[in-house]
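Coordinates as given in model_12.cif (mmCIF, C-alpha atoms):
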```cif
data_query
#
loop_
_atom_site.label_atom_id
_atom_site.label_comp_id
_atom_site.auth_asym_id
_atom_site.auth_seq_id
_atom_site.Cartn_x
_atom_site.Cartn_y
_atom_site.Cartn_z
CA MET Z 1 -27.20 5.44 -8.86
CA ASN Z 2 -26.61 1.82 -7.90
CA ASP Z 3 -28.37 0.65 -11.07
CA ILE Z 4 -25.99 2.72 -13.17
CA ILE Z 5 -22.99 1.32 -11.36
CA LYS Z 6 -24.27 -2.24 -11.75
CA SER Z 7 -24.74 -1.68 -15.49
CA ILE Z 8 -21.04 -0.82 -15.88
CA ASP Z 9 -19.29 -3.96 -16.98
CA LEU Z 10 -15.59 -3.83 -16.27
CA SER Z 11 -15.29 -7.59 -15.81
CA GLU Z 12 -13.13 -7.86 -18.93
CA ASP Z 13 -10.88 -5.11 -17.64
CA SER Z 14 -9.19 -6.74 -14.70
CA LEU Z 15 -5.73 -5.73 -13.57
CA PHE Z 16 -3.23 -8.60 -13.58
CA ILE Z 17 -0.57 -8.39 -10.87
CA GLY Z 18 1.41 -11.15 -9.21
CA GLY Z 19 -0.65 -13.90 -10.81
CA VAL Z 20 -3.95 -12.39 -9.66
CA ASN Z 21 -6.69 -10.73 -11.69
CA LEU Z 22 -7.86 -7.73 -9.68
CA ARG Z 23 -11.33 -6.39 -10.37
CA SER Z 24 -10.80 -3.26 -8.29
CA ARG Z 25 -8.26 -0.65 -9.32
CA LEU Z 26 -8.44 1.10 -5.98
CA LEU Z 27 -5.92 -0.03 -3.37
CA VAL Z 28 -6.55 1.22 0.16
CA GLY Z 29 -4.25 1.84 3.10
CA THR Z 30 -5.29 1.30 6.72
CA GLY Z 31 -3.30 4.03 8.49
CA LYS Z 32 -4.61 7.06 10.39
CA PHE Z 33 -8.20 5.89 10.89
CA SER Z 34 -9.81 7.12 14.08
CA SER Z 35 -10.51 3.52 15.12
CA HIS Z 36 -10.00 0.00 13.84
CA GLU Z 37 -13.75 -0.52 13.92
CA ILE Z 38 -14.36 1.78 10.97
CA VAL Z 39 -11.83 0.00 8.76
CA PRO Z 40 -14.10 -2.89 7.63
CA ARG Z 41 -16.83 -0.43 6.64
CA VAL Z 42 -14.36 1.65 4.68
CA LEU Z 43 -13.02 -1.40 2.89
CA GLU Z 44 -16.49 -2.57 2.01
CA ALA Z 45 -17.41 0.86 0.62
CA SER Z 46 -14.19 1.06 -1.38
CA CYS Z 47 -14.51 -2.47 -2.85
CA ALA Z 48 -10.72 -2.60 -2.65
CA GLN Z 49 -9.12 -6.03 -2.91
CA VAL Z 50 -5.57 -5.04 -2.02
CA ILE Z 51 -5.02 -3.54 1.42
CA THR Z 52 -1.83 -2.11 2.87
CA MET Z 53 -0.62 -2.12 6.44
CA ALA Z 54 2.61 -1.70 8.42
CA LEU Z 55 4.64 -3.94 10.72
CA ARG Z 56 5.58 -2.41 14.05
CA ARG Z 57 6.99 -3.36 17.44
CA VAL Z 58 4.40 -4.34 20.00
CA ASP Z 59 4.07 -1.72 22.72
CA TRP Z 60 3.90 -3.57 26.07
CA LYS Z 61 2.46 -0.60 27.91
CA THR Z 62 -0.36 0.28 25.55
CA PRO Z 63 -1.18 -2.92 23.71
CA GLN Z 64 -2.72 -2.33 20.31
CA GLU Z 65 -4.88 -4.72 18.45
CA ASN Z 66 -3.60 -6.34 15.30
CA ILE Z 67 -5.13 -4.62 12.28
CA LEU Z 68 -5.39 -8.01 10.56
CA ASN Z 69 -8.30 -8.83 12.85
CA TYR Z 70 -10.30 -6.15 11.03
CA LEU Z 71 -9.56 -7.10 7.44
CA PRO Z 72 -11.89 -9.31 5.39
CA GLN Z 73 -10.67 -12.86 4.77
CA ASN Z 74 -10.38 -12.64 1.00
CA THR Z 75 -8.28 -9.49 0.73
CA ILE Z 76 -4.76 -9.47 -0.65
CA LEU Z 77 -2.49 -8.14 2.04
CA LEU Z 78 0.17 -5.71 0.94
CA PRO Z 79 2.43 -5.04 3.91
CA ASN Z 80 4.67 -2.03 3.45
CA THR Z 81 8.24 -1.67 4.63
CA SER Z 82 7.68 1.75 6.19
CA GLY Z 83 10.31 2.59 8.76
CA ALA Z 84 13.05 1.14 6.57
CA ARG Z 85 15.91 3.55 5.78
CA THR Z 86 17.99 1.10 3.78
CA ALA Z 87 17.45 -1.80 1.41
CA ASP Z 88 18.62 -4.24 4.08
CA GLU Z 89 16.01 -2.97 6.53
CA ALA Z 90 13.29 -3.22 3.90
CA VAL Z 91 14.30 -6.80 3.11
CA ARG Z 92 14.23 -7.64 6.82
CA ILE Z 93 10.73 -6.20 7.24
CA ALA Z 94 9.47 -8.00 4.14
CA ARG Z 95 10.75 -11.33 5.45
CA LEU Z 96 9.12 -10.72 8.83
CA ALA Z 97 5.80 -9.86 7.18
CA LYS Z 98 5.95 -13.07 5.16
CA ALA Z 99 6.77 -15.06 8.29
CA ALA Z 100 3.68 -13.57 9.91
CA GLY Z 101 1.58 -15.28 7.27
CA CYS Z 102 0.77 -12.30 5.11
CA GLY Z 103 1.52 -13.91 1.79
CA ASN Z 104 4.30 -12.82 -0.50
CA TRP Z 105 3.22 -9.37 -1.68
CA VAL Z 106 5.22 -6.42 -0.41
CA LYS Z 107 5.22 -2.68 -0.98
CA ILE Z 108 8.83 -1.51 -0.76
CA GLU Z 109 9.06 1.80 1.02
CA VAL Z 110 12.55 3.04 1.84
CA VAL Z 111 12.68 6.56 3.22
CA GLN Z 112 15.54 8.54 4.72
CA ASP Z 113 14.14 12.04 4.29
CA GLN Z 114 11.92 12.71 7.28
CA ARG Z 115 10.50 16.06 6.15
CA TYR Z 116 8.97 15.08 2.83
CA LEU Z 117 9.21 11.29 3.24
CA MET Z 118 10.60 11.05 -0.27
CA PRO Z 119 11.55 7.50 -1.21
CA ASP Z 120 15.18 6.59 -1.78
CA ASN Z 121 15.06 5.17 -5.30
CA TRP Z 122 18.51 3.57 -5.14
CA GLU Z 123 17.86 1.63 -1.93
CA THR Z 124 14.40 0.77 -3.25
CA LEU Z 125 15.98 -0.79 -6.34
CA LEU Z 126 18.41 -2.85 -4.24
CA ALA Z 127 15.58 -4.13 -2.04
CA THR Z 128 13.46 -4.95 -5.09
CA GLU Z 129 16.27 -6.98 -6.68
CA GLN Z 130 16.74 -9.02 -3.51
CA LEU Z 131 13.09 -9.64 -2.73
CA VAL Z 132 12.20 -10.65 -6.28
CA LYS Z 133 14.95 -13.26 -6.04
CA GLU Z 134 13.28 -14.52 -2.86
CA GLY Z 135 9.95 -14.95 -4.61
CA PHE Z 136 8.10 -11.88 -3.41
CA VAL Z 137 5.59 -9.99 -5.51
CA VAL Z 138 7.28 -6.60 -5.25
CA LEU Z 139 5.52 -3.27 -5.64
CA PRO Z 140 8.09 -0.52 -5.14
CA TYR Z 141 7.01 2.95 -4.02
CA MET Z 142 9.26 5.44 -5.81
CA SER Z 143 9.92 8.97 -6.94
CA PRO Z 144 8.75 9.04 -10.56
CA ASP Z 145 11.93 8.70 -12.56
CA LEU Z 146 12.08 6.83 -15.86
CA GLY Z 147 15.60 5.47 -15.42
CA THR Z 148 14.82 3.98 -12.03
CA ALA Z 149 11.48 2.62 -13.24
CA LYS Z 150 13.24 0.79 -16.08
CA ARG Z 151 15.69 -0.75 -13.64
CA LEU Z 152 12.87 -1.77 -11.32
CA GLN Z 153 11.16 -3.41 -14.27
CA GLU Z 154 14.38 -5.27 -15.17
CA ALA Z 155 14.69 -6.34 -11.54
CA GLY Z 156 11.28 -8.00 -11.76
CA ALA Z 157 8.95 -5.57 -9.99
CA ALA Z 158 5.29 -6.54 -10.41
CA ALA Z 159 4.16 -2.91 -10.68
CA ILE Z 160 5.64 0.55 -10.21
CA MET Z 161 4.20 2.91 -7.60
CA PRO Z 162 5.21 6.52 -8.25
CA LEU Z 163 4.16 9.23 -5.82
CA GLY Z 164 1.77 11.98 -6.86
CA SER Z 165 2.98 14.24 -4.05
CA PRO Z 166 4.46 13.65 -0.58
CA ILE Z 167 2.83 11.00 1.61
CA GLY Z 168 -0.18 12.28 3.50
CA SER Z 169 -0.02 15.74 1.89
CA ASN Z 170 -3.33 15.50 -0.01
CA ARG Z 171 -1.75 17.69 -2.69
CA GLY Z 172 -2.67 15.56 -5.67
CA LEU Z 173 -0.73 14.90 -8.85
CA GLN Z 174 2.17 17.33 -8.53
CA THR Z 175 4.34 14.89 -10.49
CA LYS Z 176 1.78 14.42 -13.24
CA GLU Z 177 4.12 14.86 -16.22
CA LEU Z 178 6.67 12.41 -14.80
CA ILE Z 179 3.95 9.86 -14.10
CA ARG Z 180 2.66 10.32 -17.66
CA ILE Z 181 6.11 9.39 -18.97
CA LEU Z 182 6.17 6.24 -16.83
CA ILE Z 183 2.73 5.22 -18.09
CA GLU Z 184 3.91 5.74 -21.67
CA GLU Z 185 7.28 4.02 -21.37
CA ILE Z 186 7.02 1.27 -18.77
CA PRO Z 187 5.13 -1.90 -19.71
CA LEU Z 188 4.12 -2.60 -16.12
CA PRO Z 189 1.07 -1.46 -14.18
CA ILE Z 190 1.70 2.07 -12.89
CA ILE Z 191 -0.09 2.55 -9.58
CA VAL Z 192 -0.14 6.13 -8.36
CA ASP Z 193 0.63 6.05 -4.65
CA ALA Z 194 0.82 8.88 -2.14
CA GLY Z 195 -0.53 12.38 -2.27
CA ILE Z 196 -3.89 11.79 -3.92
CA GLY Z 197 -6.19 13.92 -1.81
CA ARG Z 198 -9.45 14.15 -3.74
CA PRO Z 199 -11.55 11.73 -5.78
CA SER Z 200 -11.11 14.00 -8.81
CA GLU Z 201 -7.34 13.49 -8.59
CA ALA Z 202 -7.79 9.71 -8.55
CA ALA Z 203 -10.02 10.03 -11.62
CA GLU Z 204 -7.40 12.19 -13.32
CA ALA Z 205 -4.68 9.61 -12.68
CA MET Z 206 -6.87 6.83 -14.05
CA GLU Z 207 -7.88 8.90 -17.07
CA MET Z 208 -4.17 9.35 -17.86
CA GLY Z 209 -3.82 5.58 -18.02
CA ALA Z 210 -2.62 4.71 -14.54
CA ALA Z 211 -3.44 1.07 -13.84
CA ALA Z 212 -4.64 1.81 -10.30
CA VAL Z 213 -4.28 4.21 -7.39
CA LEU Z 214 -3.48 3.65 -3.73
CA VAL Z 215 -5.30 5.92 -1.30
CA ASN Z 216 -5.03 6.14 2.47
CA THR Z 217 -4.85 9.60 4.05
CA ALA Z 218 -7.51 11.12 1.81
CA ILE Z 219 -10.03 8.54 3.01
CA ALA Z 220 -8.84 8.21 6.61
CA THR Z 221 -8.85 11.95 7.32
CA ALA Z 222 -12.16 12.75 5.61
CA CYS Z 223 -15.04 13.79 7.87
CA ASP Z 224 -16.90 10.71 6.66
CA PRO Z 225 -14.32 8.09 5.63
CA VAL Z 226 -16.95 5.55 4.52
CA LEU Z 227 -18.57 8.05 2.14
CA MET Z 228 -15.16 9.13 0.89
CA ALA Z 229 -14.20 5.51 0.22
CA GLN Z 230 -17.32 5.22 -1.94
CA ALA Z 231 -16.43 8.47 -3.71
CA PHE Z 232 -12.95 7.17 -4.52
CA ARG Z 233 -14.38 3.91 -5.78
CA LEU Z 234 -16.62 5.75 -8.23
CA ALA Z 235 -13.87 8.20 -9.22
CA VAL Z 236 -11.49 5.36 -10.05
CA MET Z 237 -14.17 3.65 -12.14
CA ALA Z 238 -15.07 6.90 -13.91
CA GLY Z 239 -11.43 7.69 -14.65
CA ARG Z 240 -10.83 4.20 -15.95
CA LEU Z 241 -13.90 4.36 -18.20
CA GLY Z 242 -12.73 7.75 -19.48
CA TYR Z 243 -9.34 6.26 -20.33
CA LEU Z 244 -10.88 3.25 -22.08
CA ALA Z 245 -13.26 5.52 -23.99
CA GLY Z 246 -10.30 7.44 -25.44
CA PRO Z 247 -10.61 11.18 -24.80
CA GLY Z 248 -10.77 13.47 -27.84
CA ASP Z 249 -7.90 15.71 -28.91
CA ARG Z 250 -7.16 18.95 -27.09
CA ARG Z 251 -6.95 22.18 -29.12
CA ILE Z 252 -5.78 25.70 -28.45
CA GLU Z 253 -8.59 27.32 -30.47
CA ALA Z 254 -12.32 26.72 -30.32
CA ALA Z 255 -14.01 24.14 -32.51
CA ALA Z 256 -17.74 24.81 -32.68
CA SER Z 257 -19.97 22.07 -31.40
CA SER Z 258 -22.97 23.40 -33.35
CA PRO Z 259 -23.23 23.64 -37.15
CA LEU Z 260 -21.67 26.83 -38.57
CA THR Z 261 -24.26 27.21 -41.35
CA GLY Z 262 -28.03 27.79 -41.51
CA PHE Z 263 -28.11 30.82 -39.20
CA LEU Z 264 -31.40 32.82 -39.12
CA GLN Z 265 -29.70 35.98 -40.33
CA GLU Z 266 -28.28 34.36 -43.46
CA ALA Z 267 -29.57 35.89 -46.69
CA MET R 1 17.97 -12.98 34.01
CA GLU R 2 17.82 -10.02 31.70
CA ILE R 3 16.76 -10.05 28.06
CA VAL R 4 16.06 -7.23 25.61
CA VAL R 5 12.57 -7.00 24.18
CA ASN R 6 11.93 -4.50 21.41
CA GLY R 7 15.00 -2.53 22.43
CA GLU R 8 14.16 -2.37 26.15
CA ALA R 9 15.64 -4.41 28.99
CA GLU R 10 13.28 -6.90 30.61
CA GLU R 11 13.94 -8.87 33.79
CA LEU R 12 12.71 -12.46 33.88
CA ILE R 13 12.40 -13.99 37.34
CA SER R 14 12.07 -17.58 36.18
CA ASP R 15 12.51 -19.74 33.11
CA CYS R 16 10.25 -18.54 30.38
CA THR R 17 9.53 -19.59 26.80
CA VAL R 18 8.83 -17.15 24.01
CA LEU R 19 5.19 -18.23 24.04
CA GLN R 20 4.86 -17.63 27.80
CA LEU R 21 6.38 -14.18 27.45
CA LEU R 22 3.84 -13.26 24.76
CA GLU R 23 0.97 -14.63 26.81
CA ASN R 24 2.13 -12.79 29.93
CA HIS R 25 1.97 -9.56 28.00
CA ALA R 26 -1.38 -10.42 26.41
CA VAL R 27 -0.02 -10.11 22.90
CA THR R 28 -2.47 -11.33 20.30
CA ILE R 29 -0.72 -14.37 18.96
CA LYS R 30 -2.49 -14.32 15.63
CA ALA R 31 -0.13 -12.89 13.04
CA ALA R 32 2.45 -11.72 15.55
CA VAL R 33 5.96 -12.28 14.34
CA VAL R 34 9.04 -12.85 16.46
CA GLU R 35 12.69 -12.31 15.72
CA LEU R 36 15.17 -13.85 18.17
CA ASN R 37 18.75 -12.57 18.01
CA GLY R 38 18.22 -11.34 14.46
CA LYS R 39 16.61 -14.49 13.12
CA ILE R 40 12.91 -15.12 12.51
CA LEU R 41 11.51 -17.62 15.01
CA LYS R 42 8.61 -19.53 13.53
CA GLN R 43 5.45 -19.72 15.59
CA GLU R 44 5.70 -23.51 15.94
CA HIS R 45 8.97 -23.05 17.89
CA TRP R 46 7.68 -20.45 20.38
CA LYS R 47 6.54 -22.98 22.96
CA ASN R 48 9.85 -24.88 22.93
CA THR R 49 12.20 -21.92 22.87
CA LEU R 50 13.49 -21.06 26.32
CA LEU R 51 14.77 -17.52 26.66
CA GLN R 52 18.43 -17.11 27.63
CA THR R 53 20.28 -14.24 29.30
CA ASP R 54 20.99 -11.38 26.87
CA ASP R 55 18.60 -12.71 24.24
CA ARG R 56 17.38 -9.94 21.96
CA LEU R 57 13.77 -10.33 21.01
CA GLU R 58 11.70 -8.35 18.51
CA ILE R 59 7.95 -8.84 18.71
CA LEU R 60 5.95 -7.24 15.95
CA ILE R 61 2.34 -7.04 14.85
CA PHE R 62 0.54 -5.38 11.97
CA MET R 63 -0.81 -1.91 12.42
CA GLY R 64 -2.60 0.51 10.16
CA GLY R 65 -0.39 1.81 7.38
CA GLY R 66 -0.49 3.08 3.85
#
```
Could I get this structure in the form of structure tokens?
Amino acid sequence: MNDIIKSIDLSEDSLFIGGVNLRSRLLVGTGKFSSHEIVPRVLEASCAQVITMALRRVDWKTPQENILNYLPQNTILLPNTSGARTADEAVRIARLAKAAGCGNWVKIEVVQDQRYLMPDNWETLLATEQLVKEGFVVLPYMSPDLGTAKRLQEAGAAAIMPLGSPIGSNRGLQTKELIRILIEEIPLPIIVDAGIGRPSEAAEAMEMGAAAVLVNTAIATACDPVLMAQAFRLAVMAGRLGYLAGPGDRRIEAAASSPLTGFLQEA
Amino acid sequence: MEIVVNGEAEELISDCTVLQLLENHAVTIKAAVVELNGKILKQEHWKNTLLQTDDRLEILIFMGGG
């Protein structure tokens, strides 16, 4: 299988975001893993170049190790603003992450709804406007809505990250039609974030023309996260190749694959 | 002298810099970030910044997240 993978040349198909040409179209999150030790193996298996993480208060009583100690040197760090309920809080977290030496990429995540963790598109837009002005490469996580996506684009977002289904739900592309509209109408990379639970769903998103997918829970909660990371890597490549190959038209009625003449019973 | 660290009161028995406080609590310095009274305090200033009564300190590190 490795020979087949090596023979696939996607070197001309890099994804350009924030001044960087990304070879991998799979972004990986670092939450929910059973231990930090497994994270480097997962990242290696995924071949991801962009890795997300969260900024949190240090707990004096049960000190936790910094996840950065487990990330490869050459990865692009994409801190999220999880925990933010308003644009101001997201901006504050982004500035702190930058001050910690994480570069200038940020995934805006503004959530007030605690049941479904649905992003607040309005606050997300306000945070995006501010952080772009401050020189951040802004990737906003959002509910797929064309009007908001257009405004995020105008505000200078580097990519748009619509959710497939609620964070951590593993329910796949429940918002497929809305994501399709964003892919069609927004001239920015559309990165499907949240909800992708199976490699087949990542492939489906890529086949639709998504620029990339971000996966965390589906890998972290698999029985074998390293194997699942590999599966997602291949699924993203397969979906991308399918998109580039240009799928044939869909039809309601059958269209025979075999010739309809020259049957044995013909006179 | 009392300060507030990450929302909780902390009693300091003697003069203490931000850097000493972090070291006392065995916080990994690498990529920790500190906010003092709502403003980011750059790492180069930790060793010279003496904590004052009622200072509010936020000490953050990166954790797993999606």
Per-residue nearest contacts chain R to chain Z, cut-off 8 Å, using all atoms listed in the file, as CSV:
```
residue,atom,partner,partner_atom,distance
R:Asn6,CA,Z:Arg57,CA,6.4
R:His25,CA,Z:Trp60,CA,6.6
R:Ala26,CA,Z:Pro63,CA,8.0
R:Val27,CA,Z:Pro63,CA,7.3
R:Thr28,CA,Z:Asn66,CA,7.2
R:Ala31,CA,Z:Ala100,CA,5.0
R:Ala32,CA,Z:Ala100,CA,6.1
R:Val33,CA,Z:Ala100,CA,5.1
R:Val34,CA,Z:Leu96,CA,7.9
R:Glu35,CA,Z:Leu96,CA,7.9
R:Ile40,CA,Z:Leu96,CA,6.9
R:Lys42,CA,Z:Ala99,CA,7.1
R:Glu58,CA,Z:Arg57,CA,6.9
R:Ile59,CA,Z:Arg57,CA,5.7
R:Leu60,CA,Z:Arg57,CA,4.3
R:Ile61,CA,Z:Leu55,CA,5.7
R:Phe62,CA,Z:Leu55,CA,4.5
R:Met63,CA,Z:Ile67,CA,5.1
R:Gly64,CA,Z:Gly31,CA,4.0
R:Gly65,CA,Z:Gly31,CA,3.8
R:Gly66,CA,Z:Gly29,CA,4.0
```
Could you tell me how far atom CA of Gln20 of chain R sits from atom CA of Thr53 of chain R, in Å to one decimal place?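 Computing the Euclidean distance for atom CA of Thr53 of chain R and atom CA of Gln20 of chain R yields 15.9 Å.
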Could you expand the PyMOL selection byres ((chain Z and resi 130-136) around 7) into the explicit residues it covers here, written as a PDB file with C-alpha atoms, in the frame of the given file?
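Contents of out10.pdb, freshly written:
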```
ATOM      1  CA  VAL Z  91      14.300  -6.800   3.110  1.00  0.00           C
ATOM      2  CA  ASN Z 104       4.300 -12.820  -0.500  1.00  0.00           C
ATOM      3  CA  TRP Z 105       3.220  -9.370  -1.680  1.00  0.00           C
ATOM      4  CA  VAL Z 106       5.220  -6.420  -0.410  1.00  0.00           C
ATOM      5  CA  LEU Z 126      18.410  -2.850  -4.240  1.00  0.00           C
ATOM      6  CA  ALA Z 127      15.580  -4.130  -2.040  1.00  0.00           C
ATOM      7  CA  THR Z 128      13.460  -4.950  -5.090  1.00  0.00           C
ATOM      8  CA  GLU Z 129      16.270  -6.980  -6.680  1.00  0.00           C
ATOM      9  CA  VAL Z 137       5.590  -9.990  -5.510  1.00  0.00           C
ATOM     10  CA  VAL Z 138       7.280  -6.600  -5.250  1.00  0.00           C
ATOM     11  CA  GLY Z 156      11.280  -8.000 -11.760  1.00  0.00           C
TER      12      GLY Z 156
END
```
I want to know what sits within 7 Å of Val213 of chain Z, based on all atoms listed in the file, with residues of the same chain fewer than 5 positions away left out; could you give that as a ChimeraX atom specification? /Z:25-27,191-193,202
Take the selection from the previous step and output its residues with C-alpha atoms, as a compact mmCIF listing (two decimals), in the frame of the given file.
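So again-v4.txt came out as:
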```txt
# COMPACT_ATOMS: atom_id res chain seq x y z
CA ARG Z 25 -8.26 -0.65 -9.32
CA LEU Z 26 -8.44 1.10 -5.98
CA LEU Z 27 -5.92 -0.03 -3.37
CA ILE Z 191 -0.09 2.55 -9.58
CA VAL Z 192 -0.14 6.13 -8.36
CA ASP Z 193 0.63 6.05 -4.65
CA ALA Z 202 -7.79 9.71 -8.55
```
Could you state the separation of atom CA of Lys150 of chain Z and atom CA of Met208 of chain Z in Å, given to one decimal place?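 Pair atom CA of Lys150 of chain Z / atom CA of Met208 of chain Z returns 19.5 Å.
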Selection under test: the PyMOL selection byres ((chain Z and resi 177) around 12); residues as a list in words: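 Going through the file, the PyMOL selection byres ((chain Z and resi 177) around 12) ends up selecting Pro144, Asp145, Leu146, Pro162, Leu163, Gly164, Leu173, Gln174, Thr175, Lys176, Leu178, Ile179, Arg180, Ile181, Leu182, Ile183, Glu184, Ala205 and Met208 of chain Z.
Put simply, atom CA of Leu21 of chain R is 29.1 Å away from atom CA of Pro72 of chain Z.
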As JSON: centre and edge lengths in Å, one decimal, of the axis-aligned box holding segment 198-206 of chain Z with 3 Å per side:
```
{"center_x": -8.1, "center_y": 10.5, "center_z": -8.9, "size_x": 12.9, "size_y": 13.3, "size_z": 16.3}
```
Residues matched by the PyMOL selection byres ((chain Z and resi 229) around 12) as a ChimeraX atom specification: /Z:26-30,38-48,197-199,202,214-228,230-236
Within 12 Å of (13.8, -20.0, 33.0), all atoms listed in the file: residues as a short mmCIF file (atom, residue, chain, number, x, y, z; two decimals) with C-alpha atoms, in the frame of the given file?
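The resulting file, point08.cif, is reproduced below:
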```cif
data_model
loop_
_atom_site.label_atom_id
_atom_site.label_comp_id
_atom_site.auth_asym_id
_atom_site.auth_seq_id
_atom_site.Cartn_x
_atom_site.Cartn_y
_atom_site.Cartn_z
CA MET R 1 17.97 -12.98 34.01
CA GLU R 2 17.82 -10.02 31.70
CA ILE R 3 16.76 -10.05 28.06
CA GLU R 11 13.94 -8.87 33.79
CA LEU R 12 12.71 -12.46 33.88
CA ILE R 13 12.40 -13.99 37.34
CA SER R 14 12.07 -17.58 36.18
CA ASP R 15 12.51 -19.74 33.11
CA CYS R 16 10.25 -18.54 30.38
CA THR R 17 9.53 -19.59 26.80
CA VAL R 18 8.83 -17.15 24.01
CA GLN R 20 4.86 -17.63 27.80
CA LEU R 21 6.38 -14.18 27.45
CA ASN R 48 9.85 -24.88 22.93
CA THR R 49 12.20 -21.92 22.87
CA LEU R 50 13.49 -21.06 26.32
CA LEU R 51 14.77 -17.52 26.66
CA GLN R 52 18.43 -17.11 27.63
CA THR R 53 20.28 -14.24 29.30
#
```
Excluding Ala158 of chain Z and any residue of its chain fewer than 6 positions from it, enumerate the residues within 8 Å of it, using only C-alpha atoms, and give them as a PyMOL selection string. chain Z and resi 17-18+137-139+188-189
Hey, can you spit out that residue selection with C-alpha atoms as a compact mmCIF listing (two decimals), keeping the file's coordinate frame?
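Okay, this is what ended up in out_2.txt:
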```txt
# COMPACT_ATOMS: atom_id res chain seq x y z
CA ILE Z 17 -0.57 -8.39 -10.87
CA GLY Z 18 1.41 -11.15 -9.21
CA VAL Z 137 5.59 -9.99 -5.51
CA VAL Z 138 7.28 -6.60 -5.25
CA LEU Z 139 5.52 -3.27 -5.64
CA LEU Z 188 4.12 -2.60 -16.12
CA PRO Z 189 1.07 -1.46 -14.18
```
